file input17.cif (mmCIF, C-alpha atoms)
data_upload
#
loop_
_atom_site.group_PDB
_atom_site.id
_atom_site.type_symbol
_atom_site.label_atom_id
_atom_site.label_comp_id
_atom_site.auth_asym_id
_atom_site.auth_seq_id
_atom_site.Cartn_x
_atom_site.Cartn_y
_atom_site.Cartn_z
ATOM 1 C CA MET Z 65 -1.510 -12.925 32.031
ATOM 2 C CA ARG Z 66 -0.731 -9.424 30.827
ATOM 3 C CA ALA Z 67 1.131 -9.003 27.547
ATOM 4 C CA LYS Z 68 3.108 -5.970 26.448
ATOM 5 C CA VAL Z 69 4.302 -5.691 22.862
ATOM 6 C CA HIS Z 70 6.804 -3.030 21.855
ATOM 7 C CA VAL Z 71 7.007 -2.324 18.132
ATOM 8 C CA PHE Z 72 9.703 -0.166 16.541
ATOM 9 C CA LEU Z 73 10.885 0.499 13.012
ATOM 10 C CA LYS Z 74 13.944 -1.639 12.319
ATOM 11 C CA PRO Z 75 17.373 -0.040 12.453
ATOM 12 C CA GLY Z 76 18.086 1.256 8.976
ATOM 13 C CA VAL Z 77 14.457 2.099 8.278
ATOM 14 C CA LEU Z 78 14.066 5.863 8.338
ATOM 15 C CA ASP Z 79 12.039 6.920 11.381
ATOM 16 C CA VAL Z 80 10.924 10.405 10.430
ATOM 17 C CA GLN Z 81 8.941 10.863 13.638
ATOM 18 C CA GLY Z 82 11.983 9.951 15.714
ATOM 19 C CA LYS Z 83 14.044 12.414 13.714
ATOM 20 C CA ALA Z 84 11.520 15.222 14.250
ATOM 21 C CA VAL Z 85 11.397 14.520 18.005
ATOM 22 C CA GLU Z 86 15.186 14.482 18.128
ATOM 23 C CA GLN Z 87 15.363 17.878 16.443
ATOM 24 C CA ALA Z 88 12.771 19.261 18.860
ATOM 25 C CA LEU Z 89 14.789 17.989 21.843
ATOM 26 C CA HIS Z 90 17.905 19.577 20.390
ATOM 27 C CA GLY Z 91 15.912 22.796 20.030
ATOM 28 C CA LEU Z 92 15.079 22.636 23.759
ATOM 29 C CA GLY Z 93 18.763 22.418 24.573
ATOM 30 C CA TRP Z 94 19.252 18.672 25.005
ATOM 31 C CA SER Z 95 22.064 18.553 22.504
ATOM 32 C CA GLY Z 96 23.335 15.167 23.724
ATOM 33 C CA VAL Z 97 20.227 13.339 22.460
ATOM 34 C CA GLU Z 98 20.874 10.948 19.585
ATOM 35 C CA HIS Z 99 19.150 8.158 17.650
ATOM 36 C CA VAL Z 100 15.567 8.830 18.811
ATOM 37 C CA ARG Z 101 13.119 6.148 17.704
ATOM 38 C CA VAL Z 102 9.358 6.462 18.108
ATOM 39 C CA GLY Z 103 7.490 3.185 18.461
ATOM 40 C CA ARG Z 104 4.283 1.900 19.938
ATOM 41 C CA THR Z 105 3.300 -0.275 22.872
ATOM 42 C CA ILE Z 106 0.316 -2.598 22.715
ATOM 43 C CA GLU Z 107 -0.952 -4.125 25.985
ATOM 44 C CA PHE Z 108 -3.595 -6.731 26.578
ATOM 45 C CA ASP Z 109 -4.785 -9.487 28.909
ATOM 46 C CA LEU Z 110 -4.321 -13.038 27.825
ATOM 47 C CA ALA Z 111 -6.203 -16.174 28.904
ATOM 48 C CA ALA Z 112 -3.049 -18.309 28.754
ATOM 49 C CA THR Z 113 -1.482 -19.094 32.154
ATOM 50 C CA GLU Z 114 1.834 -20.622 31.153
ATOM 51 C CA PRO Z 115 4.471 -17.960 30.329
ATOM 52 C CA ALA Z 116 6.248 -19.806 27.504
ATOM 53 C CA ALA Z 117 2.984 -20.654 25.765
ATOM 54 C CA ALA Z 118 1.724 -17.109 26.249
ATOM 55 C CA GLU Z 119 4.889 -15.665 24.750
ATOM 56 C CA ALA Z 120 4.655 -17.988 21.748
ATOM 57 C CA GLU Z 121 1.041 -16.944 21.234
ATOM 58 C CA VAL Z 122 1.865 -13.232 21.395
ATOM 59 C CA LYS Z 123 4.765 -13.691 18.977
ATOM 60 C CA ALA Z 124 2.366 -15.321 16.528
ATOM 61 C CA MET Z 125 0.083 -12.272 16.888
ATOM 62 C CA CYS Z 126 3.048 -10.004 16.140
ATOM 63 C CA GLU Z 127 3.926 -11.924 12.986
ATOM 64 C CA LYS Z 128 0.320 -11.935 11.795
ATOM 65 C CA LEU Z 129 -0.857 -8.456 12.727
ATOM 66 C CA LEU Z 130 0.810 -6.394 15.437
ATOM 67 C CA ALA Z 131 4.061 -5.779 13.557
ATOM 68 C CA ASN Z 132 4.931 -5.587 9.878
ATOM 69 C CA THR Z 133 8.234 -7.420 9.865
ATOM 70 C CA VAL Z 134 9.212 -5.897 6.528
ATOM 71 C CA ILE Z 135 9.837 -2.634 8.386
ATOM 72 C CA GLU Z 136 9.326 -3.283 12.091
ATOM 73 C CA SER Z 137 10.829 -5.361 14.863
ATOM 74 C CA TYR Z 138 9.045 -6.256 18.080
ATOM 75 C CA ARG Z 139 9.745 -7.236 21.656
ATOM 76 C CA VAL Z 140 7.289 -9.207 23.789
ATOM 77 C CA GLU Z 141 6.892 -9.154 27.579
ATOM 78 C CA VAL Z 142 4.434 -11.428 29.378
ATOM 79 C CA ALA Z 143 3.863 -11.388 33.142
ATOM 80 C CA MET U 32 -16.167 -6.837 -19.007
ATOM 81 C CA LYS U 33 -16.669 -6.812 -15.283
ATOM 82 C CA ALA U 34 -14.862 -4.956 -12.559
ATOM 83 C CA ALA U 35 -15.237 -4.862 -8.798
ATOM 84 C CA VAL U 36 -14.284 -2.099 -6.385
ATOM 85 C CA VAL U 37 -13.807 -3.249 -2.803
ATOM 86 C CA VAL U 38 -15.234 -0.896 -0.188
ATOM 87 C CA PHE U 39 -13.547 -0.919 3.205
ATOM 88 C CA PRO U 40 -14.790 1.105 6.163
ATOM 89 C CA GLY U 41 -12.911 4.377 5.626
ATOM 90 C CA SER U 42 -12.355 4.005 1.876
ATOM 91 C CA ASN U 43 -12.995 7.388 0.273
ATOM 92 C CA CYS U 44 -12.060 6.879 -3.374
ATOM 93 C CA ASP U 45 -14.341 3.898 -3.931
ATOM 94 C CA ARG U 46 -16.968 5.816 -5.891
ATOM 95 C CA ASP U 47 -14.288 7.729 -7.809
ATOM 96 C CA CYS U 48 -12.832 4.380 -8.845
ATOM 97 C CA LYS U 49 -16.209 3.099 -9.963
ATOM 98 C CA VAL U 50 -16.860 6.173 -12.106
ATOM 99 C CA ALA U 51 -13.298 6.166 -13.449
ATOM 100 C CA VAL U 52 -13.449 2.517 -14.518
ATOM 101 C CA GLU U 53 -16.961 2.847 -15.955
ATOM 102 C CA ARG U 54 -16.224 5.960 -17.969
ATOM 103 C CA SER U 55 -12.845 4.894 -19.225
ATOM 104 C CA THR U 56 -13.684 1.292 -20.091
ATOM 105 C CA GLY U 57 -17.458 0.887 -20.231
ATOM 106 C CA ALA U 58 -17.112 -2.101 -17.913
ATOM 107 C CA HIS U 59 -19.826 -2.970 -15.456
ATOM 108 C CA VAL U 60 -18.545 -2.145 -11.970
ATOM 109 C CA ASP U 61 -19.830 -3.783 -8.788
ATOM 110 C CA MET U 62 -19.107 -2.401 -5.355
ATOM 111 C CA VAL U 63 -18.092 -5.196 -2.999
ATOM 112 C CA TRP U 64 -18.244 -4.717 0.776
ATOM 113 C CA HIS U 65 -15.108 -5.750 2.691
ATOM 114 C CA GLY U 66 -17.150 -8.129 4.833
ATOM 115 C CA ASP U 67 -18.430 -10.044 1.818
ATOM 116 C CA THR U 68 -16.966 -13.437 1.128
ATOM 117 C CA GLN U 69 -17.513 -13.550 -2.619
ATOM 118 C CA LEU U 70 -16.439 -11.521 -5.609
ATOM 119 C CA PRO U 71 -18.821 -11.223 -8.584
ATOM 120 C CA ASP U 72 -18.567 -14.224 -10.916
ATOM 121 C CA GLY U 73 -16.221 -13.734 -13.844
ATOM 122 C CA VAL U 74 -14.676 -10.530 -12.539
ATOM 123 C CA ASP U 75 -11.891 -9.251 -14.855
ATOM 124 C CA LEU U 76 -10.523 -6.417 -12.729
ATOM 125 C CA ILE U 77 -10.426 -5.844 -8.976
ATOM 126 C CA VAL U 78 -9.708 -2.368 -7.625
ATOM 127 C CA LEU U 79 -8.709 -1.656 -4.033
ATOM 128 C CA PRO U 80 -9.389 2.050 -3.673
ATOM 129 C CA GLY U 81 -7.691 4.852 -1.776
ATOM 130 C CA GLY U 82 -8.784 6.255 1.551
ATOM 131 C CA PHE U 83 -8.167 5.541 5.190
ATOM 132 C CA SER U 84 -9.443 2.018 5.741
ATOM 133 C CA TYR U 85 -10.028 1.387 9.438
ATOM 134 C CA GLY U 86 -8.828 4.918 10.129
ATOM 135 C CA ASP U 87 -5.260 3.815 9.348
ATOM 136 C CA TYR U 88 -5.285 2.195 12.805
ATOM 137 C CA LEU U 89 -2.164 0.223 13.745
ATOM 138 C CA ARG U 90 -0.632 0.630 10.260
ATOM 139 C CA CYS U 91 -2.145 1.819 6.986
ATOM 140 C CA GLY U 92 -3.892 -1.125 5.382
ATOM 141 C CA ALA U 93 -3.109 -3.587 8.187
ATOM 142 C CA MET U 94 -6.693 -4.219 9.286
ATOM 143 C CA ALA U 95 -8.117 -4.104 5.775
ATOM 144 C CA SER U 96 -5.637 -6.754 4.627
ATOM 145 C CA LEU U 97 -7.356 -9.175 7.024
ATOM 146 C CA SER U 98 -10.917 -8.385 5.862
ATOM 147 C CA PRO U 99 -13.018 -11.400 4.836
ATOM 148 C CA ILE U 100 -13.066 -10.360 1.161
ATOM 149 C CA MET U 101 -9.269 -10.378 1.028
ATOM 150 C CA THR U 102 -9.230 -14.186 1.024
ATOM 151 C CA GLU U 103 -11.165 -13.993 -2.245
ATOM 152 C CA VAL U 104 -8.998 -11.191 -3.598
ATOM 153 C CA LYS U 105 -5.874 -13.271 -2.922
ATOM 154 C CA ALA U 106 -7.414 -16.319 -4.614
ATOM 155 C CA ALA U 107 -8.452 -14.239 -7.635
ATOM 156 C CA ALA U 108 -4.998 -12.631 -7.851
ATOM 157 C CA GLU U 109 -3.434 -16.082 -7.808
ATOM 158 C CA ARG U 110 -5.744 -17.115 -10.664
ATOM 159 C CA GLY U 111 -4.328 -14.198 -12.640
ATOM 160 C CA VAL U 112 -7.177 -11.691 -12.333
ATOM 161 C CA ALA U 113 -5.941 -8.117 -12.850
ATOM 162 C CA THR U 114 -5.823 -6.424 -9.444
ATOM 163 C CA VAL U 115 -4.991 -2.774 -8.855
ATOM 164 C CA GLY U 116 -4.401 -1.197 -5.452
ATOM 165 C CA ILE U 117 -4.353 2.586 -5.486
ATOM 166 C CA CYS U 118 -2.870 4.563 -2.592
ATOM 167 C CA ASN U 119 -4.430 2.944 0.501
ATOM 168 C CA GLY U 120 -5.160 0.008 -1.813
ATOM 169 C CA PHE U 121 -1.397 -0.287 -2.485
ATOM 170 C CA GLN U 122 -0.768 -0.272 1.277
ATOM 171 C CA ILE U 123 -3.362 -3.029 1.676
ATOM 172 C CA LEU U 124 -1.731 -5.157 -1.060
ATOM 173 C CA CYS U 125 1.644 -4.845 0.695
ATOM 174 C CA GLU U 126 0.148 -5.670 4.098
ATOM 175 C CA ALA U 127 -1.630 -8.662 2.549
ATOM 176 C CA GLY U 128 1.665 -9.946 1.168
ATOM 177 C CA LEU U 129 0.444 -9.696 -2.433
ATOM 178 C CA LEU U 130 3.195 -7.175 -3.141
ATOM 179 C CA PRO U 131 6.631 -6.831 -1.536
ATOM 180 C CA GLY U 132 7.732 -3.841 0.526
ATOM 181 C CA ALA U 133 5.840 -1.383 2.681
ATOM 182 C CA LEU U 134 4.794 2.261 2.692
ATOM 183 C CA LEU U 135 6.368 4.459 5.349
ATOM 184 C CA ARG U 136 5.533 7.927 6.633
ATOM 185 C CA ASN U 137 6.536 10.540 4.051
ATOM 186 C CA GLU U 138 10.124 11.662 4.411
ATOM 187 C CA ARG U 139 9.223 15.225 5.347
ATOM 188 C CA LEU U 140 6.266 14.190 7.546
ATOM 189 C CA LYS U 141 3.948 16.015 5.214
ATOM 190 C CA TYR U 142 0.741 14.978 3.519
ATOM 191 C CA VAL U 143 1.456 15.514 -0.157
ATOM 192 C CA CYS U 144 -1.399 16.328 -2.523
ATOM 193 C CA LYS U 145 -0.418 17.419 -6.018
ATOM 194 C CA PRO U 146 -0.059 16.456 -9.664
ATOM 195 C CA VAL U 147 2.959 14.276 -10.376
ATOM 196 C CA ASP U 148 4.803 13.265 -13.522
ATOM 197 C CA LEU U 149 5.695 9.618 -13.680
ATOM 198 C CA GLU U 150 8.201 7.702 -15.733
ATOM 199 C CA VAL U 151 6.711 4.530 -17.184
ATOM 200 C CA VAL U 152 9.599 2.268 -16.243
ATOM 201 C CA ASN U 153 8.071 -0.872 -17.685
ATOM 202 C CA ALA U 154 5.749 -0.279 -20.623
ATOM 203 C CA GLN U 155 5.280 -4.013 -21.229
ATOM 204 C CA THR U 156 3.005 -4.791 -18.283
ATOM 205 C CA ARG U 157 -0.678 -5.511 -18.791
ATOM 206 C CA PHE U 158 -1.388 -2.206 -17.037
ATOM 207 C CA THR U 159 0.924 -0.044 -19.126
ATOM 208 C CA ALA U 160 0.768 -1.639 -22.581
ATOM 209 C CA GLY U 161 -1.862 0.937 -23.578
ATOM 210 C CA TYR U 162 0.658 3.751 -23.195
ATOM 211 C CA GLN U 163 2.192 2.338 -26.380
ATOM 212 C CA GLY U 164 5.732 3.061 -25.409
ATOM 213 C CA ARG U 165 5.088 6.523 -23.965
ATOM 214 C CA ARG U 166 7.729 7.133 -21.316
ATOM 215 C CA GLN U 167 5.938 9.743 -19.240
ATOM 216 C CA VAL U 168 2.433 10.054 -17.814
ATOM 217 C CA ALA U 169 0.726 12.428 -15.401
ATOM 218 C CA MET U 170 -1.477 11.614 -12.403
ATOM 219 C CA THR U 171 -1.916 13.083 -8.923
ATOM 220 C CA VAL U 172 -0.845 11.877 -5.488
ATOM 221 C CA GLY U 173 -2.543 12.409 -2.152
ATOM 222 C CA ASN U 174 -0.754 10.597 0.653
ATOM 223 C CA GLY U 175 0.876 10.938 4.063
ATOM 224 C CA GLU U 176 2.399 7.470 4.048
ATOM 225 C CA GLY U 177 3.452 6.915 0.473
ATOM 226 C CA ASN U 178 7.144 6.463 1.046
ATOM 227 C CA PHE U 179 7.847 3.101 -0.567
ATOM 228 C CA PHE U 180 10.385 0.982 1.264
ATOM 229 C CA ALA U 181 11.896 -2.422 0.618
ATOM 230 C CA ASP U 182 15.293 -3.860 1.496
ATOM 231 C CA GLU U 183 18.087 -3.556 -1.058
ATOM 232 C CA GLU U 184 17.870 -7.166 -2.162
ATOM 233 C CA THR U 185 14.136 -6.851 -2.848
ATOM 234 C CA LEU U 186 14.657 -3.550 -4.670
ATOM 235 C CA ASP U 187 17.333 -5.067 -6.891
ATOM 236 C CA ARG U 188 15.062 -7.978 -7.666
ATOM 237 C CA LEU U 189 12.114 -5.676 -8.448
ATOM 238 C CA GLU U 190 14.250 -3.615 -10.804
ATOM 239 C CA GLY U 191 15.896 -6.659 -12.369
ATOM 240 C CA GLU U 192 12.587 -8.389 -13.061
ATOM 241 C CA GLY U 193 10.901 -5.307 -14.513
ATOM 242 C CA GLN U 194 8.516 -5.101 -11.574
ATOM 243 C CA VAL U 195 9.055 -1.386 -11.060
ATOM 244 C CA VAL U 196 6.298 0.074 -13.227
ATOM 245 C CA PHE U 197 6.205 3.769 -12.341
ATOM 246 C CA ARG U 198 8.847 6.088 -10.944
ATOM 247 C CA TYR U 199 8.385 9.706 -9.824
ATOM 248 C CA LEU U 200 10.261 12.247 -11.897
ATOM 249 C CA ASP U 201 10.299 14.489 -8.824
ATOM 250 C CA ASN U 202 10.006 12.214 -5.778
ATOM 251 C CA PRO U 203 7.354 13.809 -3.516
ATOM 252 C CA ASN U 204 7.569 11.534 -0.459
ATOM 253 C CA GLY U 205 11.037 10.037 -0.192
ATOM 254 C CA SER U 206 10.159 6.698 -1.801
ATOM 255 C CA THR U 207 13.199 4.467 -2.166
ATOM 256 C CA ARG U 208 14.634 4.753 -5.676
ATOM 257 C CA GLY U 209 11.700 7.026 -6.504
ATOM 258 C CA ILE U 210 9.360 4.068 -6.851
ATOM 259 C CA ALA U 211 5.699 5.011 -7.350
ATOM 260 C CA GLY U 212 4.239 1.681 -8.486
ATOM 261 C CA ILE U 213 5.180 -1.998 -8.716
ATOM 262 C CA VAL U 214 3.722 -5.260 -10.008
ATOM 263 C CA ASN U 215 3.989 -8.758 -8.576
ATOM 264 C CA GLY U 216 6.118 -11.412 -10.242
ATOM 265 C CA GLN U 217 3.159 -12.758 -12.185
ATOM 266 C CA GLY U 218 2.452 -9.270 -13.520
ATOM 267 C CA ASN U 219 -1.238 -9.178 -12.677
ATOM 268 C CA VAL U 220 -1.187 -7.285 -9.358
ATOM 269 C CA LEU U 221 -0.308 -3.588 -9.521
ATOM 270 C CA GLY U 222 0.098 -1.258 -6.561
ATOM 271 C CA LEU U 223 0.681 2.451 -7.012
ATOM 272 C CA MET U 224 0.468 5.545 -4.831
ATOM 273 C CA PRO U 225 -0.579 7.976 -7.604
ATOM 274 C CA HIS U 226 -4.272 7.999 -8.470
ATOM 275 C CA PRO U 227 -5.283 6.908 -11.980
ATOM 276 C CA ASP U 228 -8.854 7.334 -10.678
ATOM 277 C CA ARG U 229 -8.217 11.074 -10.393
ATOM 278 C CA ALA U 230 -6.799 11.320 -13.903
ATOM 279 C CA PHE U 231 -9.291 9.679 -16.237
ATOM 280 C CA GLU U 232 -10.419 12.590 -18.376
ATOM 281 C CA ALA U 233 -8.781 15.757 -19.664
ATOM 282 C CA GLU U 234 -10.989 17.980 -17.481
ATOM 283 C CA LEU U 235 -9.202 16.510 -14.458
ATOM 284 C CA GLY U 236 -5.843 17.647 -15.802
ATOM 285 C CA SER U 237 -4.878 14.296 -17.258
ATOM 286 C CA ALA U 238 -6.560 11.335 -18.874
ATOM 287 C CA ASP U 239 -3.578 9.030 -18.445
ATOM 288 C CA GLY U 240 -5.302 7.062 -15.698
ATOM 289 C CA ALA U 241 -8.011 5.965 -18.126
ATOM 290 C CA ILE U 242 -5.405 4.202 -20.272
ATOM 291 C CA LEU U 243 -4.252 2.179 -17.268
ATOM 292 C CA PHE U 244 -7.768 0.830 -16.646
ATOM 293 C CA GLN U 245 -8.285 0.227 -20.388
ATOM 294 C CA SER U 246 -5.022 -1.714 -20.569
ATOM 295 C CA ALA U 247 -5.891 -3.824 -17.551
ATOM 296 C CA LEU U 248 -9.190 -4.861 -19.118
ATOM 297 C CA ALA U 249 -7.907 -5.166 -22.679
ATOM 298 C CA SER U 250 -5.630 -7.984 -21.559
ATOM 299 C CA ALA U 251 -8.277 -9.725 -19.435
#

call {"tool": "encode", "arguments": {"input": "input17.cif", "output": "structure tokens"}}
result
Amino acid sequence: MRAKVHVFLKPGVLDVQGKAVEQALHGLGWSGVEHVRVGRTIEFDLAATEPAAAEAEVKAMCEKLLANTVIESYRVEVA
Amino acid sequence: MKAAVVVFPGSNCDRDCKVAVERSTGAHVDMVWHGDTQLPDGVDLIVLPGGFSYGDYLRCGAMASLSPIMTEVKAAAERGVATVGICNGFQILCEAGLLPGALLRNERLKYVCKPVDLEVVNAQTRFTAGYQGRRQVAMTVGNGEGNFFADEETLDRLEGEGQVVFRYLDNPNGSTRGIAGIVNGQGNVLGLMPHPDRAFEAELGSADGAILFQSALASA
């Protein structure tokens, strides 16, 4: 199975990169852009074949390493 | 007296820390590789140095916090051994769960490298007792991700329990409540972004860092 993990700073945690990108987009004329957040995507293959088990495994990886839950939230997709 | 400096791949202040601790305290300092599984017997002080462990991949300190030696560092910290994480070492302590909070990208997205004046918020810790009540010390910072963050509840607890040890007089990186350094509840694990290892003799502009290492060992 293929896993995709999306990690973003939690709402309320200042995302300075997102803010800088937002200002740059405003500078290019896209004045309607708001609340830009910059995150990361981590993709990998997984030996597990059962979706629920795979998702549980990836969530454990997020808690242990892929995200720092003090500041970040994550979303897992397995397919 | 015995100290150990942990060397991670990408540490760049490890030798500075060794020299700083040796010259300011006279302690014997061993360098310990991150892949080792044992700290020197009877170690009194553990230093996690600054740098860019694992190239800051994923998050600063994330990979290093899972290094084999960290199991030993955690066990030693729980036994009460004085443990200091400086800059990247502070990030590693937070990632390892030995200290609360996290270090975010600096507020103005800028790497900040300059001398800083610090308020000694708690002069009663084993790391600050040697300042003998002095309220202000000088060190330097060099960081791109030194912006301390914790949720409000944690911050209130840290302040209430005297766990905020150093505060910037002129906050260089946007740290919440100007926090530059904290200790754990037990008082034996200190994390700080400023570098005492770059302020251990007057020729460096300040010798205030030496007192921190002396204090840590004096109470060992």

call {"tool": "atom_distance", "arguments": {"input": "input17.cif", "atom1": "atom CA of U:Gly205", "atom2": "atom CA of U:Glu138"}}
result
5.0 Å

call {"tool": "residues_around", "arguments": {"input": "input17.cif", "residues": "Z:Gly76", "least_positions_apart": "3", "cutoff": "12 Å", "atoms": "all atoms listed in the file", "output": "ChimeraX atom specification"}}
result
/Z:72-73,79-80,99,101,134-137 /U:180-183

call {"tool": "interface_residues", "arguments": {"input": "input17.cif", "of": "chain U", "to": "chain Z", "cutoff": "7 Å", "atoms": "only C-alpha atoms", "output": "compact mmCIF listing (two decimals) with C-alpha atoms, in the coordinates of the input"}}
result
# COMPACT_ATOMS: atom_id res chain seq x y z
CA GLY U 132 7.73 -3.84 0.53
CA ALA U 133 5.84 -1.38 2.68
CA GLU U 138 10.12 11.66 4.41
CA LEU U 140 6.27 14.19 7.55

call {"tool": "closest_residue", "arguments": {"input": "input17.cif", "among": "U:Gly175, U:His226, U:Glu234, U:Ser206", "to": "U:Leu79", "atoms": "only C-alpha atoms"}}
result
U:His226

call {"tool": "resolve_selection", "arguments": {"input": "input17.cif", "expression": "the PyMOL selection byres ((chain U and resi 230) around 12)", "output": "number ranges by chain"}}
result
U: 47-48, 50-52, 54-55, 145-148, 168-172, 225-229, 231-244

call {"tool": "atom_distance", "arguments": {"input": "input17.cif", "atom1": "atom CA of U:Tyr162", "atom2": "atom CA of U:Gln245"}}
result
10.0 Å

call {"tool": "resolve_selection", "arguments": {"input": "input17.cif", "expression": "the PyMOL selection byres ((chain Z and resi 68) around 12)", "output": "ChimeraX atom specification"}}
result
/Z:65-67,69-71,104-110,118-119,122-123,125-126,130,138-143

call {"tool": "write_last_selection", "arguments": {"input": "input17.cif", "atoms": "C-alpha atoms", "output": "PDB file, in the coordinates of the input"}}
result
ATOM      1  CA  MET Z  65      -1.510 -12.925  32.031  1.00  0.00           C
ATOM      2  CA  ARG Z  66      -0.731  -9.424  30.827  1.00  0.00           C
ATOM      3  CA  ALA Z  67       1.131  -9.003  27.547  1.00  0.00           C
ATOM      4  CA  VAL Z  69       4.302  -5.691  22.862  1.00  0.00           C
ATOM      5  CA  HIS Z  70       6.804  -3.030  21.855  1.00  0.00           C
ATOM      6  CA  VAL Z  71       7.007  -2.324  18.132  1.00  0.00           C
ATOM      7  CA  ARG Z 104       4.283   1.900  19.938  1.00  0.00           C
ATOM      8  CA  THR Z 105       3.300  -0.275  22.872  1.00  0.00           C
ATOM      9  CA  ILE Z 106       0.316  -2.598  22.715  1.00  0.00           C
ATOM     10  CA  GLU Z 107      -0.952  -4.125  25.985  1.00  0.00           C
ATOM     11  CA  PHE Z 108      -3.595  -6.731  26.578  1.00  0.00           C
ATOM     12  CA  ASP Z 109      -4.785  -9.487  28.909  1.00  0.00           C
ATOM     13  CA  LEU Z 110      -4.321 -13.038  27.825  1.00  0.00           C
ATOM     14  CA  ALA Z 118       1.724 -17.109  26.249  1.00  0.00           C
ATOM     15  CA  GLU Z 119       4.889 -15.665  24.750  1.00  0.00           C
ATOM     16  CA  VAL Z 122       1.865 -13.232  21.395  1.00  0.00           C
ATOM     17  CA  LYS Z 123       4.765 -13.691  18.977  1.00  0.00           C
ATOM     18  CA  MET Z 125       0.083 -12.272  16.888  1.00  0.00           C
ATOM     19  CA  CYS Z 126       3.048 -10.004  16.140  1.00  0.00           C
ATOM     20  CA  LEU Z 130       0.810  -6.394  15.437  1.00  0.00           C
ATOM     21  CA  TYR Z 138       9.045  -6.256  18.080  1.00  0.00           C
ATOM     22  CA  ARG Z 139       9.745  -7.236  21.656  1.00  0.00           C
ATOM     23  CA  VAL Z 140       7.289  -9.207  23.789  1.00  0.00           C
ATOM     24  CA  GLU Z 141       6.892  -9.154  27.579  1.00  0.00           C
ATOM     25  CA  VAL Z 142       4.434 -11.428  29.378  1.00  0.00           C
ATOM     26  CA  ALA Z 143       3.863 -11.388  33.142  1.00  0.00           C
TER      27      ALA Z 143
END

call {"tool": "build_atoms", "arguments": {"input": "input17.cif", "residues": "stretch 86-98 of chain U", "atoms": "N, CA and C atoms", "output": "JSON list (two decimals), in the frame of the given file"}}
result
[["chain", "number", "residue", "atom", "x", "y", "z"],
["U", 86, "GLY", "N", -9.45, 3.74, 9.54],
["U", 86, "GLY", "CA", -8.83, 4.92, 10.13],
["U", 86, "GLY", "C", -7.31, 4.85, 10.18],
["U", 87, "ASP", "N", -6.72, 4.00, 9.32],
["U", 87, "ASP", "CA", -5.26, 3.82, 9.35],
["U", 87, "ASP", "C", -4.78, 3.30, 10.71],
["U", 88, "TYR", "N", -5.68, 2.70, 11.48],
["U", 88, "TYR", "CA", -5.28, 2.19, 12.80],
["U", 88, "TYR", "C", -4.18, 1.16, 12.68],
["U", 89, "LEU", "N", -3.31, 1.12, 13.67],
["U", 89, "LEU", "CA", -2.16, 0.22, 13.74],
["U", 89, "LEU", "C", -1.15, 0.55, 12.65],
["U", 90, "ARG", "N", -1.44, 0.21, 11.42],
["U", 90, "ARG", "CA", -0.63, 0.63, 10.26],
["U", 90, "ARG", "C", -1.60, 0.76, 9.09],
["U", 91, "CYS", "N", -1.27, 1.64, 8.14],
["U", 91, "CYS", "CA", -2.14, 1.82, 6.99],
["U", 91, "CYS", "C", -2.36, 0.47, 6.30],
["U", 92, "GLY", "N", -3.59, 0.09, 6.14],
["U", 92, "GLY", "CA", -3.89, -1.12, 5.38],
["U", 92, "GLY", "C", -3.81, -2.42, 6.18],
["U", 93, "ALA", "N", -3.33, -2.35, 7.42],
["U", 93, "ALA", "CA", -3.11, -3.59, 8.19],
["U", 93, "ALA", "C", -4.41, -4.33, 8.47],
["U", 94, "MET", "N", -5.40, -3.59, 8.94],
["U", 94, "MET", "CA", -6.69, -4.22, 9.29],
["U", 94, "MET", "C", -7.41, -4.67, 8.02],
["U", 95, "ALA", "N", -7.41, -3.79, 7.01],
["U", 95, "ALA", "CA", -8.12, -4.10, 5.78],
["U", 95, "ALA", "C", -7.56, -5.36, 5.13],
["U", 96, "SER", "N", -6.24, -5.59, 5.28],
["U", 96, "SER", "CA", -5.64, -6.75, 4.63],
["U", 96, "SER", "C", -6.17, -8.05, 5.21],
["U", 97, "LEU", "N", -6.81, -7.97, 6.38],
["U", 97, "LEU", "CA", -7.36, -9.18, 7.02],
["U", 97, "LEU", "C", -8.88, -9.27, 6.86],
["U", 98, "SER", "N", -9.47, -8.35, 6.09],
["U", 98, "SER", "CA", -10.92, -8.38, 5.86],
["U", 98, "SER", "C", -11.32, -9.69, 5.19]]
